[in-house]
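Undergrad: Sharing input-v3.cif, mmCIF, C-alpha atoms:
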data_model
loop_
_atom_site.label_atom_id
_atom_site.label_comp_id
_atom_site.auth_asym_id
_atom_site.auth_seq_id
_atom_site.Cartn_x
_atom_site.Cartn_y
_atom_site.Cartn_z
CA MET Z 1 -19.51 23.81 -10.65
CA SER Z 2 -16.35 25.50 -9.34
CA GLY Z 3 -15.51 26.24 -5.77
CA ILE Z 4 -12.63 23.78 -5.99
CA LYS Z 5 -9.95 24.40 -3.36
CA VAL Z 6 -6.74 22.54 -2.66
CA PHE Z 7 -5.16 23.00 0.78
CA GLY Z 8 -1.49 22.15 0.42
CA HIS Z 9 1.96 23.30 -0.54
CA PRO Z 10 3.17 23.92 -4.09
CA ALA Z 11 6.39 21.93 -3.52
CA SER Z 12 4.69 18.89 -1.98
CA THR Z 13 4.57 15.80 -4.23
CA ALA Z 14 1.16 14.75 -2.94
CA THR Z 15 -0.24 18.25 -3.49
CA ARG Z 16 1.25 18.30 -7.01
CA ARG Z 17 -0.48 15.01 -7.85
CA VAL Z 18 -3.82 16.75 -7.27
CA LEU Z 19 -2.82 19.95 -9.09
CA ILE Z 20 -1.72 17.99 -12.18
CA ALA Z 21 -5.09 16.20 -12.25
CA LEU Z 22 -6.93 19.53 -12.04
CA HIS Z 23 -4.86 20.96 -14.89
CA GLU Z 24 -5.42 17.82 -17.00
CA LYS Z 25 -9.15 18.44 -16.57
CA GLU Z 26 -8.78 22.19 -17.24
CA LEU Z 27 -10.55 23.01 -13.99
CA ASP Z 28 -10.35 26.30 -12.15
CA PHE Z 29 -9.31 26.04 -8.53
CA GLU Z 30 -7.75 27.93 -5.64
CA LEU Z 31 -4.58 26.67 -3.97
CA VAL Z 32 -4.67 27.57 -0.29
CA HIS Z 33 -1.12 27.54 1.02
CA ILE Z 34 -0.63 25.54 4.23
CA ASP Z 35 2.37 26.69 6.24
CA LEU Z 36 4.21 23.44 6.93
CA LYS Z 37 7.13 25.15 8.70
CA ASP Z 38 4.67 26.57 11.21
CA GLY Z 39 3.01 23.16 11.70
CA GLU Z 40 -0.28 24.45 10.32
CA HIS Z 41 -1.12 20.95 9.03
CA LYS Z 42 -1.01 19.55 12.58
CA LYS Z 43 -3.42 22.11 14.04
CA GLU Z 44 -7.01 23.15 13.68
CA PRO Z 45 -8.60 24.17 11.38
CA PHE Z 46 -6.57 21.93 9.05
CA LEU Z 47 -7.13 18.82 11.20
CA SER Z 48 -10.87 19.15 10.58
CA ARG Z 49 -10.05 18.74 6.89
CA ASN Z 50 -7.65 15.83 7.43
CA PRO Z 51 -7.49 14.34 10.92
CA PHE Z 52 -4.22 12.58 9.96
CA GLY Z 53 -2.59 16.02 9.61
CA LYS Z 54 -1.24 15.57 6.09
CA ILE Z 55 -1.50 17.71 2.99
CA PRO Z 56 -3.29 17.98 0.67
CA ALA Z 57 -6.90 18.38 1.66
CA PHE Z 58 -9.51 19.25 -0.96
CA GLU Z 59 -12.98 20.59 -1.38
CA ASP Z 60 -15.36 20.84 -4.31
CA GLY Z 61 -18.25 23.00 -3.16
CA ASP Z 62 -19.20 21.42 0.14
CA PHE Z 63 -17.69 18.00 -0.65
CA LYS Z 64 -14.47 17.45 1.27
CA LEU Z 65 -11.73 14.89 0.68
CA PHE Z 66 -8.14 14.05 1.59
CA GLU Z 67 -5.49 11.48 0.46
CA SER Z 68 -4.09 12.61 -2.91
CA ARG Z 69 -4.85 9.37 -4.76
CA ALA Z 70 -8.50 9.43 -3.59
CA ILE Z 71 -8.76 13.07 -4.68
CA THR Z 72 -7.32 12.40 -8.15
CA GLN Z 73 -9.75 9.50 -8.59
CA TYR Z 74 -12.64 11.76 -7.59
CA ILE Z 75 -11.51 14.39 -10.12
CA ALA Z 76 -11.12 11.75 -12.85
CA HIS Z 77 -14.63 10.35 -12.30
CA GLU Z 78 -16.55 13.51 -11.45
CA TYR Z 79 -15.11 15.38 -14.43
CA ALA Z 80 -14.86 12.39 -16.77
CA ASP Z 81 -16.20 14.47 -19.65
CA LYS Z 82 -13.81 17.38 -19.25
CA GLY Z 83 -10.25 17.86 -20.42
CA ASN Z 84 -8.11 14.72 -20.84
CA GLN Z 85 -9.31 11.21 -20.14
CA LEU Z 86 -7.55 9.87 -17.04
CA LEU Z 87 -9.39 6.55 -16.77
CA SER Z 88 -9.89 3.47 -18.92
CA PRO Z 89 -13.47 2.21 -19.02
CA GLY Z 90 -14.64 -1.41 -18.61
CA SER Z 91 -14.14 -3.70 -15.64
CA LYS Z 92 -10.97 -5.38 -16.95
CA ASN Z 93 -9.37 -2.05 -17.80
CA MET Z 94 -10.36 -0.54 -14.47
CA ALA Z 95 -8.81 -3.56 -12.73
CA ILE Z 96 -5.54 -2.99 -14.57
CA LEU Z 97 -5.70 0.69 -13.69
CA ALA Z 98 -6.29 -0.16 -10.03
CA MET Z 99 -3.34 -2.54 -10.11
CA GLY Z 100 -1.13 0.16 -11.65
CA MET Z 101 -2.14 2.63 -8.95
CA GLU Z 102 -1.30 0.08 -6.25
CA ILE Z 103 2.10 -0.60 -7.83
CA GLU Z 104 2.93 3.12 -7.89
CA ALA Z 105 1.82 3.55 -4.27
CA HIS Z 106 3.48 0.44 -2.82
CA GLU Z 107 6.42 -0.51 -5.05
CA PHE Z 108 7.54 2.78 -6.57
CA ASP Z 109 6.65 5.47 -4.06
CA SER Z 110 8.10 3.73 -0.99
CA VAL Z 111 11.56 3.60 -2.58
CA ALA Z 112 11.45 6.76 -4.68
CA SER Z 113 10.24 8.93 -1.79
CA LYS Z 114 13.23 7.83 0.33
CA LEU Z 115 15.50 8.94 -2.53
CA GLY Z 116 13.59 12.23 -2.79
CA TRP Z 117 13.89 12.78 0.95
CA GLU Z 118 17.64 12.05 1.10
CA GLN Z 119 18.66 14.04 -1.97
CA VAL Z 120 16.14 16.89 -2.20
CA PHE Z 121 13.95 17.49 0.83
CA LYS Z 122 16.63 17.03 3.50
CA ASN Z 123 18.44 19.96 1.86
CA PHE Z 124 15.43 22.21 2.44
CA PHE Z 125 15.94 21.56 6.15
CA GLY Z 126 19.73 21.90 6.12
CA LEU Z 127 20.25 18.16 6.71
CA THR Z 128 22.87 16.00 4.93
CA THR Z 129 22.21 13.30 2.36
CA ASP Z 130 23.03 9.80 3.64
CA GLN Z 131 24.80 8.25 0.65
CA ALA Z 132 24.53 4.72 2.06
CA VAL Z 133 20.75 5.00 2.07
CA VAL Z 134 20.82 6.46 -1.44
CA GLU Z 135 22.85 3.51 -2.72
CA GLU Z 136 20.62 0.97 -1.04
CA GLU Z 137 17.41 2.56 -2.32
CA GLU Z 138 18.81 3.02 -5.83
CA VAL Z 139 19.36 -0.75 -6.03
CA LYS Z 140 15.70 -1.29 -5.11
CA LEU Z 141 14.49 1.40 -7.52
CA GLY Z 142 16.58 -0.22 -10.28
CA LYS Z 143 14.65 -3.46 -9.82
CA VAL Z 144 11.29 -1.66 -9.90
CA LEU Z 145 12.34 0.20 -13.05
CA ASP Z 146 13.41 -3.07 -14.69
CA ASN Z 147 9.80 -4.20 -14.26
CA TYR Z 148 8.58 -0.87 -15.63
CA GLU Z 149 10.92 -1.25 -18.63
CA ALA Z 150 9.39 -4.64 -19.41
CA ARG Z 151 5.86 -3.24 -19.06
CA LEU Z 152 6.56 -0.17 -21.18
CA SER Z 153 8.04 -2.32 -23.93
CA GLU Z 154 4.54 -3.76 -24.35
CA SER Z 155 2.38 -0.76 -23.55
CA LYS Z 156 2.87 2.91 -24.38
CA TYR Z 157 1.71 3.99 -20.93
CA MET Z 158 1.56 2.03 -17.70
CA ALA Z 159 -2.07 0.91 -17.76
CA CYS Z 160 -2.94 1.05 -21.47
CA ASP Z 161 -2.24 2.91 -24.69
CA HIS Z 162 -3.14 6.33 -23.31
CA PHE Z 163 -2.12 8.47 -20.33
CA THR Z 164 -4.07 7.69 -17.15
CA LEU Z 165 -3.97 8.31 -13.41
CA VAL Z 166 -1.35 5.55 -13.10
CA ASP Z 167 1.18 7.59 -15.08
CA LEU Z 168 0.04 10.85 -13.47
CA HIS Z 169 0.65 9.63 -9.91
CA HIS Z 170 4.33 9.08 -10.71
CA ILE Z 171 5.06 12.54 -12.09
CA PRO Z 172 5.83 14.66 -9.00
CA LEU Z 173 8.48 12.37 -7.50
CA ILE Z 174 10.02 11.63 -10.90
CA GLN Z 175 10.35 15.36 -11.54
CA TYR Z 176 12.33 15.75 -8.31
CA LEU Z 177 14.50 12.71 -8.95
CA LEU Z 178 15.43 14.00 -12.42
CA GLY Z 179 17.29 16.77 -10.62
CA THR Z 180 19.46 14.27 -8.72
CA PRO Z 181 22.06 11.62 -9.71
CA THR Z 182 19.21 9.08 -9.53
CA LYS Z 183 18.22 10.42 -12.97
CA LYS Z 184 20.59 7.88 -14.49
CA LEU Z 185 18.33 5.00 -13.46
CA PHE Z 186 15.58 6.43 -15.69
CA ASP Z 187 17.96 7.42 -18.54
CA GLU Z 188 19.60 4.03 -18.84
CA ARG Z 189 16.30 2.22 -19.57
CA PRO Z 190 15.07 3.27 -23.04
CA HIS Z 191 11.32 2.71 -22.67
CA VAL Z 192 11.27 4.17 -19.16
CA SER Z 193 13.28 7.13 -20.42
CA ALA Z 194 10.86 7.79 -23.28
CA TRP Z 195 7.87 7.49 -20.93
CA VAL Z 196 9.46 9.88 -18.41
CA ALA Z 197 10.16 12.44 -21.15
CA ASP Z 198 6.58 12.12 -22.35
CA ILE Z 199 4.79 12.48 -19.02
CA THR Z 200 6.99 15.26 -17.67
CA SER Z 201 6.61 17.35 -20.80
CA ARG Z 202 2.79 17.43 -20.64
CA PRO Z 203 1.51 21.00 -20.19
CA SER Z 204 -0.07 20.10 -16.84
CA SER Z 205 3.24 18.69 -15.58
CA GLN Z 206 4.99 21.90 -16.56
CA LYS Z 207 2.34 24.13 -14.98
CA ILE Z 208 2.92 22.83 -11.44
CA LEU Z 209 6.66 23.40 -11.38
CA VAL Z 210 7.47 26.29 -9.09
CA MET G 1 -18.00 -18.30 -14.72
CA ALA G 2 -15.39 -19.98 -12.53
CA GLY G 3 -11.74 -20.18 -13.44
CA ILE G 4 -10.85 -17.99 -10.47
CA LYS G 5 -7.47 -18.88 -9.01
CA VAL G 6 -5.57 -17.32 -6.14
CA PHE G 7 -1.83 -17.94 -5.88
CA GLY G 8 -0.77 -17.21 -2.32
CA HIS G 9 -0.22 -18.34 1.22
CA PRO G 10 -2.94 -18.78 3.86
CA ALA G 11 -0.91 -16.89 6.50
CA SER G 12 -0.21 -13.90 4.26
CA ALA G 13 -2.36 -10.87 5.14
CA PRO G 14 -2.62 -9.70 1.51
CA THR G 15 -3.63 -13.21 0.42
CA MET G 16 -6.25 -13.24 3.20
CA ARG G 17 -7.66 -9.94 1.91
CA VAL G 18 -8.43 -11.55 -1.43
CA LEU G 19 -9.86 -14.73 0.12
CA LEU G 20 -12.17 -12.60 2.29
CA ALA G 21 -13.54 -10.82 -0.76
CA LEU G 22 -14.12 -14.13 -2.57
CA HIS G 23 -15.93 -15.62 0.43
CA GLU G 24 -18.04 -12.48 0.91
CA LYS G 25 -19.14 -12.94 -2.69
CA ASN G 26 -19.71 -16.72 -2.34
CA LEU G 27 -17.44 -17.30 -5.33
CA ASP G 28 -15.84 -20.63 -6.18
CA PHE G 29 -12.12 -20.50 -6.65
CA GLU G 30 -8.99 -22.61 -6.61
CA PHE G 31 -6.31 -21.80 -4.06
CA VAL G 32 -2.80 -22.51 -5.28
CA HIS G 33 -0.33 -22.62 -2.41
CA VAL G 34 2.91 -20.71 -3.05
CA ASP G 35 5.82 -22.06 -1.01
CA LEU G 36 7.19 -18.87 0.55
CA MET G 37 9.66 -20.68 2.79
CA GLY G 38 11.08 -22.33 -0.34
CA GLY G 39 11.35 -18.96 -2.11
CA GLU G 40 8.83 -19.94 -4.76
CA HIS G 41 7.57 -16.35 -5.00
CA LYS G 42 10.98 -15.19 -6.19
CA LYS G 43 11.29 -17.79 -8.93
CA GLU G 44 10.34 -17.59 -12.57
CA ALA G 45 6.91 -19.26 -12.70
CA PHE G 46 5.56 -16.97 -10.01
CA LEU G 47 7.44 -13.89 -11.23
CA ALA G 48 5.61 -14.29 -14.52
CA ARG G 49 2.43 -13.65 -12.50
CA ASN G 50 3.85 -10.87 -10.33
CA PRO G 51 7.25 -9.51 -11.33
CA PHE G 52 7.50 -7.83 -7.91
CA GLY G 53 7.65 -11.32 -6.37
CA GLN G 54 4.87 -10.95 -3.81
CA VAL G 55 1.80 -12.98 -2.99
CA PRO G 56 -1.00 -13.01 -3.89
CA ALA G 57 -1.42 -13.27 -7.64
CA PHE G 58 -4.84 -13.87 -9.16
CA GLU G 59 -6.57 -14.90 -12.31
CA ASP G 60 -10.18 -14.86 -13.46
CA GLY G 61 -10.36 -16.53 -16.85
CA ASP G 62 -7.73 -14.72 -18.87
CA LEU G 63 -7.51 -11.63 -16.64
CA LYS G 64 -4.37 -11.78 -14.52
CA LEU G 65 -3.83 -9.40 -11.64
CA PHE G 66 -1.70 -8.80 -8.56
CA GLU G 67 -1.76 -6.31 -5.64
CA SER G 68 -4.38 -7.46 -3.12
CA ARG G 69 -6.32 -4.17 -3.01
CA ALA G 70 -6.60 -4.07 -6.81
CA ILE G 71 -7.83 -7.68 -6.80
CA THR G 72 -10.46 -7.00 -4.11
CA GLN G 73 -11.67 -3.94 -6.03
CA TYR G 74 -11.97 -6.03 -9.20
CA ILE G 75 -13.95 -8.70 -7.33
CA ALA G 76 -16.23 -6.08 -5.75
CA HIS G 77 -17.05 -4.51 -9.11
CA ARG G 78 -17.10 -7.55 -11.40
CA TYR G 79 -19.40 -9.48 -9.04
CA GLU G 80 -21.35 -6.49 -7.81
CA GLY G 81 -24.73 -8.19 -7.92
CA GLN G 82 -23.57 -11.25 -5.98
CA GLY G 83 -23.14 -12.08 -2.32
CA THR G 84 -22.29 -9.21 0.04
CA ASN G 85 -22.07 -5.75 -1.47
CA LEU G 86 -18.52 -4.54 -0.84
CA LEU G 87 -19.09 -1.16 -2.48
CA PRO G 88 -21.09 1.77 -1.06
CA ALA G 89 -24.88 1.42 -1.21
CA ASP G 90 -25.07 3.66 -4.28
CA SER G 91 -21.88 2.64 -6.06
CA LYS G 92 -22.47 5.02 -8.97
CA ASN G 93 -22.58 8.01 -6.62
CA ILE G 94 -19.12 9.48 -7.10
CA ALA G 95 -19.09 11.30 -3.77
CA GLN G 96 -20.03 8.16 -1.80
CA TYR G 97 -17.49 6.13 -3.75
CA SER G 98 -14.80 8.71 -3.03
CA ILE G 99 -15.45 8.46 0.71
CA MET G 100 -14.72 4.72 0.44
CA ALA G 101 -11.65 5.55 -1.66
CA ILE G 102 -10.31 7.81 1.12
CA GLY G 103 -10.79 4.97 3.60
CA MET G 104 -8.89 2.56 1.36
CA GLN G 105 -6.01 5.04 1.07
CA VAL G 106 -6.01 5.59 4.84
CA GLU G 107 -5.84 1.84 5.48
CA ALA G 108 -2.96 1.46 3.02
CA HIS G 109 -0.93 4.54 4.01
CA GLN G 110 -1.80 5.41 7.62
CA PHE G 111 -2.86 2.11 9.22
CA GLU G 112 -1.05 -0.73 7.47
CA PRO G 113 2.57 0.57 7.52
CA VAL G 114 2.40 0.91 11.30
CA ALA G 115 0.25 -2.15 12.02
CA SER G 116 2.37 -4.44 9.83
CA LYS G 117 5.56 -3.42 11.69
CA LEU G 118 3.81 -4.49 14.89
CA VAL G 119 2.82 -7.83 13.35
CA SER G 120 6.34 -8.33 12.05
CA GLU G 121 7.95 -7.65 15.45
CA GLN G 122 5.49 -9.62 17.56
CA VAL G 123 4.43 -12.50 15.29
CA PHE G 124 6.65 -13.15 12.27
CA LYS G 125 9.99 -12.57 13.99
CA LEU G 126 9.07 -15.16 16.62
CA LYS G 127 8.23 -17.68 13.91
CA LYS G 128 11.75 -17.18 12.58
CA GLY G 129 13.29 -17.62 16.03
CA LEU G 130 14.19 -13.91 16.37
CA THR G 131 13.41 -11.64 19.34
CA THR G 132 10.80 -8.88 19.44
CA ASP G 133 12.36 -5.39 19.67
CA GLN G 134 10.23 -3.82 22.39
CA ALA G 135 11.48 -0.31 21.60
CA VAL G 136 10.10 -0.62 18.07
CA VAL G 137 6.84 -2.01 19.45
CA ALA G 138 6.48 0.95 21.82
CA GLU G 139 7.21 3.46 19.05
CA GLU G 140 4.80 1.88 16.58
CA GLU G 141 2.06 1.43 19.19
CA ALA G 142 2.22 5.17 19.89
CA LYS G 143 1.63 5.83 16.18
CA LEU G 144 -1.13 3.23 15.93
CA ALA G 145 -2.87 4.78 18.95
CA LYS G 146 -3.11 8.09 17.09
CA VAL G 147 -4.55 6.42 14.01
CA LEU G 148 -7.07 4.54 16.15
CA ASP G 149 -8.10 7.78 17.87
CA VAL G 150 -9.11 9.07 14.44
CA TYR G 151 -10.95 5.78 13.75
CA GLU G 152 -12.75 6.06 17.12
CA ALA G 153 -14.04 9.54 16.21
CA ARG G 154 -15.07 8.32 12.75
CA LEU G 155 -16.87 5.26 14.08
CA LYS G 156 -18.85 7.40 16.53
CA GLU G 157 -20.50 8.96 13.47
CA PHE G 158 -20.81 5.89 11.28
CA LYS G 159 -21.27 2.18 11.84
CA TYR G 160 -18.42 1.32 9.47
CA LEU G 161 -15.46 3.32 8.19
CA ALA G 162 -16.97 4.42 4.87
CA GLY G 163 -20.56 4.83 6.09
CA ASP G 164 -23.36 2.67 7.40
CA THR G 165 -22.52 -0.47 5.45
CA PHE G 166 -19.55 -2.86 5.41
CA THR G 167 -17.27 -2.11 2.46
CA LEU G 168 -13.81 -2.90 1.10
CA THR G 169 -12.45 -0.23 3.45
CA ASP G 170 -13.33 -2.35 6.49
CA LEU G 171 -12.42 -5.64 4.78
CA HIS G 172 -8.86 -4.54 3.97
CA HIS G 173 -8.12 -4.17 7.69
CA ILE G 174 -9.27 -7.59 8.81
CA PRO G 175 -6.18 -9.82 8.32
CA THR G 176 -3.71 -7.50 10.05
CA ILE G 177 -6.16 -6.76 12.87
CA LYS G 178 -6.65 -10.48 13.41
CA TYR G 179 -2.89 -10.91 13.85
CA LEU G 180 -2.69 -7.97 16.28
CA LEU G 181 -5.52 -9.36 18.41
CA GLY G 182 -3.15 -12.22 19.28
CA THR G 183 -0.54 -9.79 20.65
CA PRO G 184 -0.42 -7.25 23.53
CA THR G 185 -1.29 -4.59 20.92
CA LYS G 186 -4.85 -5.90 21.25
CA LYS G 187 -5.32 -3.42 24.10
CA LEU G 188 -5.19 -0.47 21.69
CA PHE G 189 -8.34 -1.83 20.03
CA THR G 190 -10.19 -2.92 23.19
CA GLU G 191 -9.64 0.34 25.06
CA ARG G 192 -11.52 2.33 22.37
CA PRO G 193 -15.22 1.42 22.62
CA ARG G 194 -16.39 2.05 19.05
CA VAL G 195 -13.19 0.60 17.55
CA SER G 196 -13.65 -2.43 19.78
CA GLU G 197 -17.23 -2.94 18.57
CA TRP G 198 -16.20 -2.50 14.95
CA VAL G 199 -13.37 -5.04 15.34
CA ALA G 200 -15.79 -7.55 16.91
CA GLU G 201 -18.28 -6.99 14.05
CA ILE G 202 -15.84 -7.40 11.20
CA THR G 203 -13.98 -10.39 12.62
CA LYS G 204 -17.13 -12.37 13.40
CA ARG G 205 -18.49 -12.20 9.84
CA PRO G 206 -18.81 -15.71 8.32
CA ALA G 207 -16.24 -14.87 5.63
CA SER G 208 -13.80 -13.68 8.28
CA GLN G 209 -14.34 -16.83 10.32
CA LYS G 210 -13.61 -18.95 7.22
CA ILE G 211 -10.13 -17.56 6.66
CA LEU G 212 -8.96 -16.67 10.13
CA GLN G 213 -7.46 -19.69 11.84
#
Output the file's structure in the form of structure tokens.

TA:
Amino acid sequence: MSGIKVFGHPASTATRRVLIALHEKELDFELVHIDLKDGEHKKEPFLSRNPFGKIPAFEDGDFKLFESRAITQYIAHEYADKGNQLLSPGSKNMAILAMGMEIEAHEFDSVASKLGWEQVFKNFFGLTTDQAVVEEEEVKLGKVLDNYEARLSESKYMACDHFTLVDLHHIPLIQYLLGTPTKKLFDERPHVSAWVADITSRPSSQKILV
Amino acid sequence: MAGIKVFGHPASAPTMRVLLALHEKNLDFEFVHVDLMGGEHKKEAFLARNPFGQVPAFEDGDLKLFESRAITQYIAHRYEGQGTNLLPADSKNIAQYSIMAIGMQVEAHQFEPVASKLVSEQVFKLKKGLTTDQAVVAEEEAKLAKVLDVYEARLKEFKYLAGDTFTLTDLHHIPTIKYLLGTPTKKLFTERPRVSEWVAEITKRPASQKILQ
């Protein structure tokens, strides 16, 4: 049932989210490199894959998707029986999973991606880090991570006692932030630190590092 | 099977999302008003329900949740046989479900960040006695126009965003759209024929009428 293709960039956090999910499920796929510098994502034929002009886009045979967190959910459900379990069955557990995915997308990602932009991605474009923004966003991230610390003191992983999509969605940005001074915010919280070490050392997390 | 409680504020768009889902499902629930002006959402009793200090929070028996779009998904699944179906027609069909999932991501990441800035500038700032920044409005309206162009193309092919039936994808948009219809931004919706029809459809639903003042 192959014919899986990911249209994205190996350094993109959203693309990596999808690649990690595919590796967790031990699925074969082709990564089609989209040339962001050339604006390929804002032109046809890419726009036919994602009219919002953002990577990644995805296909499995003739089924086409975009939005990384919709793609990972598709992979987790469609290939539920393959590789590692990424879901938690039952309506209560699925509700907690959904809540965890919302928290990552709305509470964590909004702050962490600003820190990633300032300290990592701006450098790719020859722009300078704005330290005032970094300080401001680190305060916010600290508060989010305090909540994570409390959660992870009760639960081995974010949604339950095993690794799921909720943990997976965090990995790409965390990997980047570990290479910046922001790393300290993760290190100084013991349960968060242990969780970060765990999820970033998974074989699938290692495979996507370029 | 009652024991559903919503902790929120009637003017909060995320709270309204949850109320819409409950009304669509004809579910009984208790609404517990959280005093946002008084900072109740940042104090201990509420933080125990949502440590991120945002409305709404929710409980159904002993299940406690927060994040409006997680709550609506729970309601849609848990009460699948009841009231309006908020999931795709064949909810077990992974492909169909994934199409709805894309729409929910698009609403959350492409539509809402832009639309909520427009609501903030043109509605909430005024309530606090501050002035609308027209430069921000112009900038955000340009972005919203592009998103709505994509919606227009989509709605030419399908009656609703995820297909031919009303789903969570459409529902999640309703509170913010209702706010924008009371501002000059309304024109962006009315000047796109299919978007305009869709907006009229989703805001005239009985559940929508119940929560939109």

Undergrad: Taking the file above as input, evaluate the PyMOL selection byres ((chain Z) within 6 of (chain G)) and report the hits as number ranges by chain.

TA: Z: 70, 74, 95, 98-99

Undergrad: Of the residues G:Leu118, G:Glu80, G:Thr165, G:Lys204, which is the one nearest to Pro184 in chain G, using only C-alpha atoms?

TA: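 For Pro184 in chain G, the nearest of the given residues is G:Leu118.
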
Undergrad: Name the residues captured by the PyMOL selection byres ((chain Z and resi 147) around 12) when it is applied to the shown file; answer as a PyMOL selection string.

TA: (chain Z and resi 103-104+107-108+140-146+148-154+158+189+191-192) or (chain G and resi 47-48+50-53)

Undergrad: I need the residue set behind the PyMOL selection byres ((chain Z and resi 13-25) around 8) for this file; please write it as a PDB file with C-alpha atoms, in the coordinates of the input.

TA:
ATOM      1  CA  VAL Z   6      -6.740  22.540  -2.660  1.00  0.00           C
ATOM      2  CA  GLY Z   8      -1.490  22.150   0.420  1.00  0.00           C
ATOM      3  CA  HIS Z   9       1.960  23.300  -0.540  1.00  0.00           C
ATOM      4  CA  PRO Z  10       3.170  23.920  -4.090  1.00  0.00           C
ATOM      5  CA  ALA Z  11       6.390  21.930  -3.520  1.00  0.00           C
ATOM      6  CA  SER Z  12       4.690  18.890  -1.980  1.00  0.00           C
ATOM      7  CA  GLU Z  26      -8.780  22.190 -17.240  1.00  0.00           C
ATOM      8  CA  LEU Z  27     -10.550  23.010 -13.990  1.00  0.00           C
ATOM      9  CA  ASP Z  28     -10.350  26.300 -12.150  1.00  0.00           C
ATOM     10  CA  PHE Z  29      -9.310  26.040  -8.530  1.00  0.00           C
ATOM     11  CA  ILE Z  55      -1.500  17.710   2.990  1.00  0.00           C
ATOM     12  CA  PRO Z  56      -3.290  17.980   0.670  1.00  0.00           C
ATOM     13  CA  SER Z  68      -4.090  12.610  -2.910  1.00  0.00           C
ATOM     14  CA  ARG Z  69      -4.850   9.370  -4.760  1.00  0.00           C
ATOM     15  CA  ILE Z  71      -8.760  13.070  -4.680  1.00  0.00           C
ATOM     16  CA  THR Z  72      -7.320  12.400  -8.150  1.00  0.00           C
ATOM     17  CA  ILE Z  75     -11.510  14.390 -10.120  1.00  0.00           C
ATOM     18  CA  ALA Z  76     -11.120  11.750 -12.850  1.00  0.00           C
ATOM     19  CA  TYR Z  79     -15.110  15.380 -14.430  1.00  0.00           C
ATOM     20  CA  LYS Z  82     -13.810  17.380 -19.250  1.00  0.00           C
ATOM     21  CA  GLY Z  83     -10.250  17.860 -20.420  1.00  0.00           C
ATOM     22  CA  ASN Z  84      -8.110  14.720 -20.840  1.00  0.00           C
ATOM     23  CA  LEU Z 168       0.040  10.850 -13.470  1.00  0.00           C
ATOM     24  CA  HIS Z 169       0.650   9.630  -9.910  1.00  0.00           C
ATOM     25  CA  ILE Z 171       5.060  12.540 -12.090  1.00  0.00           C
ATOM     26  CA  PRO Z 172       5.830  14.660  -9.000  1.00  0.00           C
ATOM     27  CA  LEU Z 173       8.480  12.370  -7.500  1.00  0.00           C
ATOM     28  CA  SER Z 204      -0.070  20.100 -16.840  1.00  0.00           C
ATOM     29  CA  SER Z 205       3.240  18.690 -15.580  1.00  0.00           C
ATOM     30  CA  LYS Z 207       2.340  24.130 -14.980  1.00  0.00           C
ATOM     31  CA  ILE Z 208       2.920  22.830 -11.440  1.00  0.00           C
TER      32      ILE Z 208
END

Undergrad: Using only C-alpha atoms, find the one residue out of Z:Pro190, Z:Phe52, Z:Lys43, Z:Glu59 that sits nearest to Leu31 in chain Z.

TA: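 When distances to Leu31 in chain Z are compared using only C-alpha atoms, the smallest one comes from Z:Glu59.
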
Undergrad: Between G:Gly81, G:Gly61, G:Gly39, G:Pro175, single out the one closest to Arg17 in chain G, counting all atoms listed in the file.

TA: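 Nearest to Arg17 in chain G: G:Pro175.
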
Undergrad: Choose the residue, out of Z:Asn93, Z:Lys64, Z:Tyr157, Z:His170, that has the smallest atom-to-atom separation from Ala105 in chain Z; count all atoms listed in the file.

TA: Z:His170

Undergrad: How many Å separate CA of Leu155 in chain G from CA of Ser91 in chain G?

TA: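 Taking CA of Leu155 in chain G as the start and CA of Ser91 in chain G as the end point, the length is 20.9 Å.
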
Undergrad: I want to know what sits within 9 Å of range 46-49 of chain Z, based on all atoms listed in the file, with residues of the same chain fewer than 5 positions away left out; could you give that as a ChimeraX atom specification?

TA: /Z:7,34,40-41,54-55,57-59,64-66

Undergrad: Please indicate the distance in Å from CA of Glu135 in chain Z to CA of Leu115 in chain Z, rounded to one decimal place.

TA: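 Computing the Euclidean distance for CA of Glu135 in chain Z and CA of Leu115 in chain Z yields 9.1 Å.
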
Undergrad: Have a look at G:Gln122, G:Gln209, G:Thr203, G:Thr190 and name the one nearest to Ala145 in chain G; count all atoms listed in the file.

TA: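 Residue with the minimum atom-to-atom distance to Ala145 in chain G: G:Thr190.
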
Undergrad: From the options Z:Pro45, Z:Pro181, Z:Pro51, Z:Pro89, which residue's atoms come nearest to Gln131 in chain Z, counting all atoms listed in the file?

TA: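 The closest residue to Gln131 in chain Z is Z:Pro181.
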
Undergrad: Give me, please, the distance in Å between CA of Thr185 in chain G and CA of Leu144 in chain G, quoted to one decimal.

TA: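 We find that CA of Thr185 in chain G and CA of Leu144 in chain G lie 9.3 Å from each other.
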
Undergrad: Using only C-alpha atoms, determine which residues lie at most 12 Å from Gly179 in chain Z, disregarding the query and same-chain residues fewer than 5 positions distant; provide the list as a list in words.

TA: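 Near neighbours after the sequence-gap exclusion: Leu115, Gly116, Gln119, Val120, Phe121, Pro172, Leu173, Ile174, Lys184 and Phe186 of chain Z.
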
Undergrad: Kindly provide, as a PyMOL selection string, the polymer residues lying within 12 Å of (-15.1, -13.4, 9.2), counting only C-alpha atoms and using the coordinates exactly as they appear in the file.

TA: chain G and resi 16-17+19-24+170-171+173-175+177-178+199-213

Undergrad: Excluding Phe189 in chain G and any residue of its chain fewer than 5 positions from it, enumerate the residues within 8 Å of it, using all atoms listed in the file, and give them as a ChimeraX atom specification.

TA: /G:148,195-196,199

Undergrad: Do you know which residues are at most 12 Å from Glu40 in chain G counting only C-alpha atoms, after dropping those on the same chain fewer than 6 positions away, and could you put them as a list in words?

TA: Phe7, Gly8, His9, Val32, His33, Val34, Phe46, Leu47, Ala48, Arg49, Asn50, Gly53, Gln54 and Val55 of chain G
